[in-house]
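This report concerns only the one structure given below.
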Amino acid sequence: MPAQLGLPDPFVMLDGRRVSTPKQWSNERRPELKALFQHYMYGALPPKPDKMRFEVQAEYGDALGGKATVKLVRVRCGDEGAPEINLVLFLPNGRRGRLPVFLAMNFCGNHALLSDARIPLTRGWLYDSCKGCVGGHATEAARGSQAADWPLERILERGYALAAFCTSDIDSDRKDVSDGIYQWLARRTGNQALAEPAHRGTIAAWAWGYQRCVDYLVQDSRIDPRRIAVVGHSRNGKTALLAAALDERIALAIPHQAGCGGTAPSRGQIGESVKRINDSFPHWFNAEFKKFNEQPERTPFDQHCLVALCAPRPVLFSNAVEDQWANPNGQFEILKAADAVYRFLKADGLAAKDMPEPGRLVKSRLGYYIRPGKHSMTADDWGVFLEFADAQLGRGH
């Protein structure tokens, strides 16, 4: 691959031809970029299962003091032994019509979002840094441990539903263990290379999980299938953006503080580098991406091309001033570079030439927000997510 010190031109195809029409973008360049990202960086997403089953395990209409209904859904992704996603759906009571929904992947289990004993403890491996988790597993002390950062009442009062699932239902976030979708595929096919930690591409697996949850949401009678927004923080933000880029059923993406491998450029050495992220988390990306550790300028794309795959759908990058590891300035440059594709497709892009001051939301089709503080997702961040979704999807209430 030839070195390109600047961000590659999203309109120049791998063979040197230049995209000249929206039809060529849709029929040629977009499929090419999807293939390039999967081959050289994330790894191929697992195939959609031939057999998908959705089982409503329980439904409780008295949550949050009667303000909400909690629906517990098991998404079965194939035959016996295939991954099962435990999806929790929080729905506002008293709302007519189909609801817009935020679909989010969480680190610490669905039980951490609300202290309600009817929400099952996550069965898979969890970080010991998750409150109430011991030896990689949740205990009763974990219930509601992250409720302050997931303001359910505020989300539901604005007329949105929230659907959530845990990373470990798909593949646990461990560089030396493959216990999810890739391990199942390896056993099923006899190809153990699929589960190799340095090659399997856990972010691609998690993106596959988002897509399987979308499979359920588009057929739920309470959900508006045209207003599905995906949200993720940090590594989960990287995943949310990839899922949206590869699945046009997703109407809006909010990758929050997603940094290198997500919303920040691979080129340059501001914040986390390609080598550092591959050395620290070898399971996140495939083996091909590690070949670019010393020369990321040889990648035939950068993250503005991933955003361009979402065009003309809205995307919000949100950051924190003290989180320079995630390169918030570089993320703004990524949006500026993706803007040309949005304009080419006759959609609004980024309505700002310079980074906004902290606390001001740029809520154009390509949105940007930076606040004081550190690497975290807070209730106040959700206020920004709601404001952006209102502007781009229409108010939920």
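Chain identifiers are assigned as A, B, and so on, following the order in which chains appear in the structure tokens; residues are numbered from 1 within each chain, and ligands are numbered from 1 in order of appearance.
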Can you write out as a Markdown table which residues of segment 1-86 of chain A fall within 8 Å of segment 293-301 of chain A, alongside each residue's closest atom pair and its distance in Å to one decimal, counting only C-alpha atoms and ordering rows by chain and ascending residue number?
```
| residue | atom | partner | partner_atom | distance |
| --- | --- | --- | --- | --- |
| A:Met1 | CA | A:Arg298 | CA | 5.4 |
| A:Pro2 | CA | A:Arg298 | CA | 5.6 |
| A:Ala3 | CA | A:Arg298 | CA | 4.4 |
| A:Gln4 | CA | A:Glu297 | CA | 5.3 |
| A:Leu5 | CA | A:Glu297 | CA | 5.4 |
| A:Gly6 | CA | A:Glu297 | CA | 7.8 |
| A:Leu7 | CA | A:Phe301 | CA | 7.4 |
| A:Pro8 | CA | A:Phe301 | CA | 5.8 |
| A:Pro10 | CA | A:Phe301 | CA | 7.5 |
| A:Leu14 | CA | A:Pro300 | CA | 7.6 |
| A:Leu33 | CA | A:Phe301 | CA | 7.9 |
| A:Leu36 | CA | A:Pro300 | CA | 7.8 |
| A:Phe37 | CA | A:Phe301 | CA | 7.9 |
| A:Tyr40 | CA | A:Thr299 | CA | 7.8 |
```
Worksheet entry | Residue set, segment 92-330 of chain A restricted to helix (DSSP H, G or I), as an MDAnalysis selection string | chainID A and resid 110:112 140:142 147:149 152:157 167:169 181:189 192:195 202:217 235:246 274:280 287:290 296:298 303:308 324:326 328:330
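The list of residues with at least one atom within 10 Å of Val230 of chain A, based on only C-alpha atoms and without residues fewer than 6 positions apart in the same chain, reads A:Val101, A:Phe102, A:Leu103, A:Ala104, A:Met105, A:Leu162, A:Ala163, A:Ala164, A:Tyr210, A:Val214, A:Gly237, A:Thr239, A:Ala240, A:Leu241, A:Ala243, A:Ala244, A:Ile250, A:Ala251, A:Leu252, A:Ala253, A:Ile254, A:Pro255, A:Val315.
Residues lying within 8 Å of Cys213 of chain A, counting only C-alpha atoms and ignoring same-chain neighbours fewer than 5 positions away, are Val75, Ile85 and Leu87 of chain A.
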Write out the residues from the selection above, keeping C-alpha atoms, as an mmCIF file, in the first residue's frame.
```cif
data_model
loop_
_atom_site.group_PDB
_atom_site.id
_atom_site.type_symbol
_atom_site.label_atom_id
_atom_site.label_comp_id
_atom_site.auth_asym_id
_atom_site.auth_seq_id
_atom_site.Cartn_x
_atom_site.Cartn_y
_atom_site.Cartn_z
ATOM 1 C CA VAL A 75 -32.228 -13.288 20.899
ATOM 2 C CA ILE A 85 -28.163 -12.188 23.440
ATOM 3 C CA LEU A 87 -31.742 -7.846 25.423
#
```
Worksheet entry | Contact residues around segment 66-69 of chain A with only C-alpha atoms at 7 Å, ignoring same-chain residues under 5 positions, as a ChimeraX atom specification | /A:59-61,90-93
Worksheet item: Of the candidates A:Glu157, A:Asp348, A:Asp279, A:Asp323, which one gets nearest to Pro372 of chain A if we count only C-alpha atoms?
Response: A:Asp323
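The gap separating atom CA of Asn106 of chain A from atom CA of Arg154 of chain A is 18.3 Å, in Å to one decimal.
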Discussion item. I'd like the neighbourhood of segment 215-217 of chain A as a PyMOL selection string, where a residue qualifies if any of its atoms comes within 12 Å (using only C-alpha atoms), though same-chain residues fewer than 5 positions away should be ignored.
Written reply: chain A and resi 48-49+51-56+71-77+85-89+98-103+161-164+208-210+222-230+247+249-250
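Distances from A:Leu121, A:Ala264, A:Val19, A:Met377 to Leu335 of chain A were compared using only C-alpha atoms, and the smallest one belongs to A:Ala264.
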Fill in: Residue neighbourhood Phe317 of chain A, 9 Å, only C-alpha atoms, exclusion window fewer than 5 positions, as a ChimeraX atom specification
/A:253-258,263,328,331-332,335,366-370
